[in-house]
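S.K.: Structure provided below as structure tokens; questions to follow.
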Amino acid sequence: MSIIRPKIKILDKEHKQKILEEAKVILETQGVFIENHEAIDLFNQHDINHEGSRYFIPPDLINKCLETVPNEITLYDRDGNEHITLKEDNVNFDPGSAAIFILDEETGDIREGVSRDFIRFSKVVEHLKFIDAQSTALIYNDVPKDAQDWHRLYLALSNCYKPVVTGTFRKESFSIMREILLTCRLSEDDLARKPLAIFDACPSPPLKWSDLTTQSLIDAARSMIPSEFVSMPLAGASAPITLIGSITQHCAECLAGVVIVQLTKRGAPLIWGGSPAVFDMKHGTTPMGAIETMMINLGDVEMGKFLKLPTHAYMALSDSKIPDAQAGFEAGMGALLAGLAGINMISGPGMLDFESTQSIEKLIIDNEIVGMVKRLLQGIEDHGSPFASEILKDYEDKEELLSHSSTLKYFRKELFLPSPIIDRMTRDSWKEKGSKSARKRAKEQASKILSKTSTHPIEENLTRELEKIALKNL
């Protein structure tokens, strides 16, 4: 049993309450823009005051909707087996979604992706022990544009058994994606009981839910498929420059999402998440590896936990263009802070260049980072006292403890044993093996992983069903 779980907090209870109350005031007095006609009908049915498309949500309705949101979500794999649970301080990692470029580990070039790249990426994710879920990680252009949403989900489930974080860029995609998910379940009720996918939905800062993203919330809620809010306040550009101001805006946008989901269907699952950033005043970019971006994420998540909701954030990613030292320290800091914060779903391993690029090399390195973070979160364990005195008494006999019974009993439990990605060799051994960098070792590991067979082969009848849907819609 762990003595204590390591944690980090950046907001006290008083300020969390103030942020929540101000977010409610913002929604009541400044309102939120709603573009979707179905959501507008829902709001009108509940007599929510509005001026055109700007709706003013009363605090009592927000409170009522918060009461019906589930405080945990269990995700199941492609085969229907329980896989991970998003609740309390449980920590899970997935690669981020919808990058538009791939870093080719063979040529070193950053280029637009093709479906083969996504297949390779998904197969690597399946073999990585510490990456808990997959994602529709890469947009590729070798299928028709109107097929891209559902085709990514089709390939993801065809090549990896883990639950998937996905989303839509076209309203028409949801029904096909739902049909794909249903091939992995016995019925609609079975899919609701054993969710396989999370659908991201991104409000437009400040204080706007677009037609597309709102439709995603509504469609997912009707099928009891979890929605994951990805609110994106940009501090200094589309959100207040103050970190606490951006956290407050994020809270208001997500509360509006809560209302949309719960008015659609009471008890529909959702995840309080986001991908905020600060605006880099020098370069005009949105640095995801900035410490202030990470701080906003931590504050956002604390607000979600304050409301007892499952949480999400984009962390463990880097703004570097290659898996270099910057990528390592930004991903490492982000993963560690996210773990200490107890974020339930952390998106970002594998991502570079402001969320625009996926890298198999970085993904494999990040898997080691995540493994170390998870070891830290296990904490220091009390194996029973005395803690050291009895063991030290035995040192005098052999003048070593390597062969001691306690060492043999506990070393695998106490120590995180990394893969060959992490260099812990002597310098001479490192030279003998080619003086390779972590990136070079990751590239070699990618080839080894891709030569392996699937850990959970897909059943032939499921492959046929998925192919049938794909052929029907292409």
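Chain lettering (A, B, ...) mirrors the order of the structure tokens, residue numbering begins at 1 for each chain separately, and ligand numbering begins at 1 in order of display.
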Using only C-alpha atoms, find each residue of stretch 279-369 of chain A with at least one atom at most 12 Å away from an atom of stretch 64-80 of chain A; report its shortest atom-to-atom pair and that distance in Å (one decimal), sort the rows by chain and rising residue number, and return the result as a Markdown table.
M.R.:
| residue | atom | partner | partner_atom | distance |
| --- | --- | --- | --- | --- |
| A:Gly304 | CA | A:Asn71 | CA | 10.1 |
| A:Lys305 | CA | A:Asn71 | CA | 9.3 |
| A:Phe306 | CA | A:Asn71 | CA | 11.1 |
| A:Leu307 | CA | A:Leu66 | CA | 7.8 |
| A:Lys308 | CA | A:Asn71 | CA | 5.7 |
| A:Leu309 | CA | A:Asn71 | CA | 4.8 |
| A:Pro310 | CA | A:Glu72 | CA | 5.8 |
| A:Thr311 | CA | A:Glu72 | CA | 9.5 |
| A:Asn344 | CA | A:Glu72 | CA | 9.6 |
| A:Met345 | CA | A:Ile73 | CA | 10.9 |
S.K.: Kindly save the residues from that selection, with N, CA and C atoms included, as an mmCIF file, in the first residue's frame.
M.R.:
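Full text of result.cif as output:
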data_model
loop_
_atom_site.group_PDB
_atom_site.id
_atom_site.type_symbol
_atom_site.label_atom_id
_atom_site.label_comp_id
_atom_site.auth_asym_id
_atom_site.auth_seq_id
_atom_site.Cartn_x
_atom_site.Cartn_y
_atom_site.Cartn_z
ATOM 1 N N GLY A 304 -12.617 20.866 -13.337
ATOM 2 C CA GLY A 304 -13.383 19.660 -13.641
ATOM 3 C C GLY A 304 -13.490 18.748 -12.443
ATOM 4 N N LYS A 305 -12.392 18.585 -11.718
ATOM 5 C CA LYS A 305 -12.408 17.748 -10.523
ATOM 6 C C LYS A 305 -13.263 18.375 -9.419
ATOM 7 N N PHE A 306 -13.250 19.694 -9.344
ATOM 8 C CA PHE A 306 -14.085 20.406 -8.380
ATOM 9 C C PHE A 306 -15.558 20.078 -8.607
ATOM 10 N N LEU A 307 -15.913 19.866 -9.876
ATOM 11 C CA LEU A 307 -17.288 19.512 -10.246
ATOM 12 C C LEU A 307 -17.523 18.008 -10.273
ATOM 13 N N LYS A 308 -16.467 17.244 -9.916
ATOM 14 C CA LYS A 308 -16.531 15.776 -9.848
ATOM 15 C C LYS A 308 -16.823 15.143 -11.211
ATOM 16 N N LEU A 309 -16.150 15.679 -12.253
ATOM 17 C CA LEU A 309 -16.331 15.164 -13.612
ATOM 18 C C LEU A 309 -15.046 14.498 -14.093
ATOM 19 N N PRO A 310 -15.139 13.527 -15.001
ATOM 20 C CA PRO A 310 -13.934 12.992 -15.645
ATOM 21 C C PRO A 310 -13.204 14.116 -16.383
ATOM 22 N N THR A 311 -11.878 14.034 -16.449
ATOM 23 C CA THR A 311 -11.086 15.148 -16.964
ATOM 24 C C THR A 311 -10.142 14.744 -18.093
ATOM 25 N N ASN A 344 -7.527 12.353 -16.094
ATOM 26 C CA ASN A 344 -8.005 11.020 -16.477
ATOM 27 C C ASN A 344 -7.620 10.610 -17.884
ATOM 28 N N MET A 345 -7.621 11.544 -18.837
ATOM 29 C CA MET A 345 -7.214 11.235 -20.208
ATOM 30 C C MET A 345 -6.268 12.334 -20.678
#
S.K.: Any idea what's packed within 9 Å of A:Thr214, counting only C-alpha atoms, ignoring anything in its chain fewer than 4 positions away? Could you give it as a PyMOL selection string?
M.R.: chain A and resi 34-36+38-39+201-203+209-210+218-219+257+260-261
S.K.: Which residues come within 9 Å of stretch 10-13 of chain A, counting only C-alpha atoms, excluding same-chain residues fewer than 4 positions away, as number ranges by chain?
M.R.: A: 17-18, 295, 298-299, 302-303, 306
S.K.: Give me, as a list in words, the residues of stretch 187-230 of chain A that a backbone DSSP run labels alpha helix (DSSP H).
M.R.: Glu188, Asp189, Asp190, Leu191, Ala192, Arg193, Asp211, Leu212, Thr213, Thr214, Gln215, Ser216, Leu217, Ile218, Asp219, Ala220, Ala221 and Arg222 of chain A
S.K.: Between A:Thr357, A:Ser435, A:Ser97, A:Ser454, single out the one closest to A:Ser158, counting only C-alpha atoms.
M.R.: A:Ser454
S.K.: Excluding stretch 318-323 of chain A and its own-chain neighbours fewer than 3 positions away, which residues fall within 12 Å of it when counting only C-alpha atoms? Please give them as a VMD selection string.
M.R.: chain A and resid 96 101 to 105 108 to 111 277 280 285 to 291 293 to 294 314 to 315 326 to 335 347 to 366 437 to 443
S.K.: Skip stretch 395-411 of chain A itself and residues of its chain fewer than 5 positions away, then list as a ChimeraX atom specification all residues within 12 Å of it, counting only C-alpha atoms.
M.R.: /A:381-384,387-390,416-417
S.K.: Once you have the residues from the selection above, write them out as a compact mmCIF listing (two decimals), in the first residue's frame, restricted to C-alpha atoms.
M.R.:
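Writing done, so here's part.txt:
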# COMPACT_ATOMS: atom_id res chain seq x y z
CA GLU A 381 5.18 1.56 -0.57
CA ASP A 382 5.22 0.44 3.03
CA HIS A 383 6.25 -3.23 2.94
CA GLY A 384 6.14 -3.47 6.72
CA PHE A 387 12.11 -0.71 6.92
CA ALA A 388 15.88 -1.16 6.76
CA SER A 389 17.47 -2.31 10.02
CA GLU A 390 16.89 -6.04 9.57
CA PHE A 416 10.76 0.80 -13.31
CA LEU A 417 12.73 -1.29 -15.79
S.K.: Between A:Asn159, A:Ser53, A:Asn473, A:Ser175, which one has atoms that come closest to A:Glu126, using only C-alpha atoms?
M.R.: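 Checking each of A:Asn159, A:Ser53, A:Asn473, A:Ser175 against A:Glu126, counting only C-alpha atoms, the winner is A:Asn159.
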S.K.: Using only C-alpha atoms, pick whichever of A:Leu61, A:Val143, A:Pro276, A:Ala220 has the shortest atom-to-atom distance to A:Gly245.
M.R.: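 Result for the nearest residue to A:Gly245: A:Pro276.
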S.K.: List every residue of stretch 241-471 of chain A that DSSP, applied to the backbone, labels as strand (DSSP E or B), and write the result as a list of chain:residue names.
M.R.: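 Those residues are A:Leu270, A:Ile271, A:Trp272, A:Gly274, A:Ala277, A:Val278, A:Thr311, A:His312, A:Ala313, A:Tyr314, A:Met345, A:Ile346, A:Ser347, A:Met351, A:Leu352, A:Thr357, A:Gln358, A:Ser359, A:Glu381.
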S.K.: Could you write out the selected residues, including N, CA and C atoms, as a PDB file, in the first residue's frame?
M.R.:
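See again17.pdb below for the written result:
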ATOM      1  N   LEU A 270     -19.835  12.660 -20.305  1.00  0.00           N
ATOM      2  CA  LEU A 270     -18.977  13.681 -20.903  1.00  0.00           C
ATOM      3  C   LEU A 270     -17.687  13.797 -20.105  1.00  0.00           C
ATOM      4  N   ILE A 271     -16.696  14.401 -20.741  1.00  0.00           N
ATOM      5  CA  ILE A 271     -15.374  14.575 -20.144  1.00  0.00           C
ATOM      6  C   ILE A 271     -15.015  16.053 -20.223  1.00  0.00           C
ATOM      7  N   TRP A 272     -14.618  16.624 -19.110  1.00  0.00           N
ATOM      8  CA  TRP A 272     -14.267  18.045 -18.997  1.00  0.00           C
ATOM      9  C   TRP A 272     -12.815  18.181 -19.448  1.00  0.00           C
ATOM     10  N   GLY A 274      -9.697  19.980 -22.515  1.00  0.00           N
ATOM     11  CA  GLY A 274      -9.309  21.148 -23.274  1.00  0.00           C
ATOM     12  C   GLY A 274      -7.921  21.075 -23.867  1.00  0.00           C
ATOM     13  N   ALA A 277      -3.890  27.333 -24.688  1.00  0.00           N
ATOM     14  CA  ALA A 277      -2.503  27.737 -24.912  1.00  0.00           C
ATOM     15  C   ALA A 277      -2.368  29.211 -24.566  1.00  0.00           C
ATOM     16  N   VAL A 278      -1.134  29.618 -24.359  1.00  0.00           N
ATOM     17  CA  VAL A 278      -0.833  31.038 -24.300  1.00  0.00           C
ATOM     18  C   VAL A 278      -0.372  31.462 -25.695  1.00  0.00           C
ATOM     19  N   THR A 311     -11.878  14.034 -16.449  1.00  0.00           N
ATOM     20  CA  THR A 311     -11.086  15.148 -16.964  1.00  0.00           C
ATOM     21  C   THR A 311     -10.142  14.744 -18.093  1.00  0.00           C
ATOM     22  N   HIS A 312      -9.751  15.758 -18.864  1.00  0.00           N
ATOM     23  CA  HIS A 312      -8.875  15.564 -20.021  1.00  0.00           C
ATOM     24  C   HIS A 312      -8.009  16.797 -20.202  1.00  0.00           C
ATOM     25  N   ALA A 313      -6.833  16.616 -20.819  1.00  0.00           N
ATOM     26  CA  ALA A 313      -6.010  17.764 -21.226  1.00  0.00           C
ATOM     27  C   ALA A 313      -5.032  17.315 -22.298  1.00  0.00           C
ATOM     28  N   TYR A 314      -4.639  18.278 -23.135  1.00  0.00           N
ATOM     29  CA  TYR A 314      -3.554  18.056 -24.085  1.00  0.00           C
ATOM     30  C   TYR A 314      -2.244  18.434 -23.404  1.00  0.00           C
ATOM     31  N   MET A 345      -7.621  11.544 -18.837  1.00  0.00           N
ATOM     32  CA  MET A 345      -7.214  11.235 -20.208  1.00  0.00           C
ATOM     33  C   MET A 345      -6.268  12.334 -20.678  1.00  0.00           C
ATOM     34  N   ILE A 346      -5.024  11.950 -20.933  1.00  0.00           N
ATOM     35  CA  ILE A 346      -3.978  12.888 -21.315  1.00  0.00           C
ATOM     36  C   ILE A 346      -3.617  12.626 -22.761  1.00  0.00           C
ATOM     37  N   SER A 347      -3.872  13.599 -23.624  1.00  0.00           N
ATOM     38  CA  SER A 347      -3.596  13.472 -25.052  1.00  0.00           C
ATOM     39  C   SER A 347      -2.312  14.214 -25.390  1.00  0.00           C
ATOM     40  N   MET A 351       3.166  13.781 -30.295  1.00  0.00           N
ATOM     41  CA  MET A 351       2.867  15.015 -31.031  1.00  0.00           C
ATOM     42  C   MET A 351       4.006  16.025 -30.963  1.00  0.00           C
ATOM     43  N   LEU A 352       4.209  16.709 -32.087  1.00  0.00           N
ATOM     44  CA  LEU A 352       5.210  17.756 -32.247  1.00  0.00           C
ATOM     45  C   LEU A 352       4.579  18.976 -32.917  1.00  0.00           C
ATOM     46  N   THR A 357       1.880  17.643 -35.902  1.00  0.00           N
ATOM     47  CA  THR A 357       2.696  16.555 -36.449  1.00  0.00           C
ATOM     48  C   THR A 357       2.736  15.375 -35.487  1.00  0.00           C
ATOM     49  N   GLN A 358       2.587  14.175 -36.050  1.00  0.00           N
ATOM     50  CA  GLN A 358       2.771  12.946 -35.278  1.00  0.00           C
ATOM     51  C   GLN A 358       4.126  12.337 -35.619  1.00  0.00           C
ATOM     52  N   SER A 359       4.729  11.722 -34.613  1.00  0.00           N
ATOM     53  CA  SER A 359       6.031  11.082 -34.781  1.00  0.00           C
ATOM     54  C   SER A 359       6.041   9.750 -34.054  1.00  0.00           C
ATOM     55  N   GLU A 381       6.021   2.558  -1.229  1.00  0.00           N
ATOM     56  CA  GLU A 381       5.178   1.564  -0.575  1.00  0.00           C
ATOM     57  C   GLU A 381       5.748   1.142   0.771  1.00  0.00           C
TER      58      GLU A 381
END
S.K.: Determine the nearest neighbour of A:Ile62 from the options A:Gln262, A:Asn90, A:Asn49, A:Asn367, counting only C-alpha atoms.
M.R.: A:Gln262
S.K.: What separation in Å, quoted to one decimal, exists between atom CA of A:Glu21 and atom CA of A:Asp211?
M.R.: 27.0 Å
S.K.: Which of these, A:Thr264, A:Arg170, A:His83, A:Lys129, has the shortest distance to A:Ala197 once you count only C-alpha atoms?
M.R.: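 Of all the options, A:His83 lies closest to A:Ala197.
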S.K.: Tell me, in Å to one decimal, how far atom CA of A:Glu14 is from atom CA of A:Gly273.
M.R.: 21.6 Å
S.K.: May I ask which of the residues A:Ser231, A:Phe93, A:Ala338, A:Gly113 is the closest one to A:Glu368, counting only C-alpha atoms?
M.R.: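 Of A:Ser231, A:Phe93, A:Ala338, A:Gly113, the one nearest A:Glu368, counting only C-alpha atoms, is A:Phe93.
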S.K.: Name the residues in contact with A:Ser173 at a cut-off of 8 Å, using only C-alpha atoms, excluding same-chain residues fewer than 3 positions from it; report them as a VMD selection string.
M.R.: chain A and resid 146 to 147 149 to 150 168 to 170 176 to 177
S.K.: Grab the residues selected above and save them as a PDB file, in the first residue's frame with N, CA and C atoms.
M.R.:
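After the write, part37.pdb holds the following:
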ATOM      1  N   ASP A 146     -14.775  13.558 -47.971  1.00  0.00           N
ATOM      2  CA  ASP A 146     -15.985  13.309 -47.196  1.00  0.00           C
ATOM      3  C   ASP A 146     -15.958  11.948 -46.494  1.00  0.00           C
ATOM      4  N   ALA A 147     -14.913  11.147 -46.720  1.00  0.00           N
ATOM      5  CA  ALA A 147     -14.785   9.851 -46.049  1.00  0.00           C
ATOM      6  C   ALA A 147     -13.744   9.867 -44.939  1.00  0.00           C
ATOM      7  N   ASP A 149     -13.258  11.258 -41.927  1.00  0.00           N
ATOM      8  CA  ASP A 149     -13.597  11.050 -40.511  1.00  0.00           C
ATOM      9  C   ASP A 149     -13.788   9.574 -40.196  1.00  0.00           C
ATOM     10  N   TRP A 150     -14.740   8.963 -40.905  1.00  0.00           N
ATOM     11  CA  TRP A 150     -15.072   7.578 -40.576  1.00  0.00           C
ATOM     12  C   TRP A 150     -13.968   6.621 -41.002  1.00  0.00           C
ATOM     13  N   THR A 168     -15.354  14.315 -35.301  1.00  0.00           N
ATOM     14  CA  THR A 168     -15.860  14.533 -36.654  1.00  0.00           C
ATOM     15  C   THR A 168     -15.531  15.937 -37.137  1.00  0.00           C
ATOM     16  N   PHE A 169     -15.283  16.050 -38.441  1.00  0.00           N
ATOM     17  CA  PHE A 169     -15.146  17.342 -39.107  1.00  0.00           C
ATOM     18  C   PHE A 169     -16.293  17.589 -40.084  1.00  0.00           C
ATOM     19  N   ARG A 170     -17.217  16.606 -40.169  1.00  0.00           N
ATOM     20  CA  ARG A 170     -18.414  16.747 -40.992  1.00  0.00           C
ATOM     21  C   ARG A 170     -19.586  16.149 -40.221  1.00  0.00           C
ATOM     22  N   ILE A 176     -22.134   7.154 -39.812  1.00  0.00           N
ATOM     23  CA  ILE A 176     -21.275   6.080 -40.320  1.00  0.00           C
ATOM     24  C   ILE A 176     -20.330   5.601 -39.227  1.00  0.00           C
ATOM     25  N   MET A 177     -19.785   6.534 -38.461  1.00  0.00           N
ATOM     26  CA  MET A 177     -18.875   6.166 -37.380  1.00  0.00           C
ATOM     27  C   MET A 177     -19.607   5.365 -36.306  1.00  0.00           C
TER      28      MET A 177
END
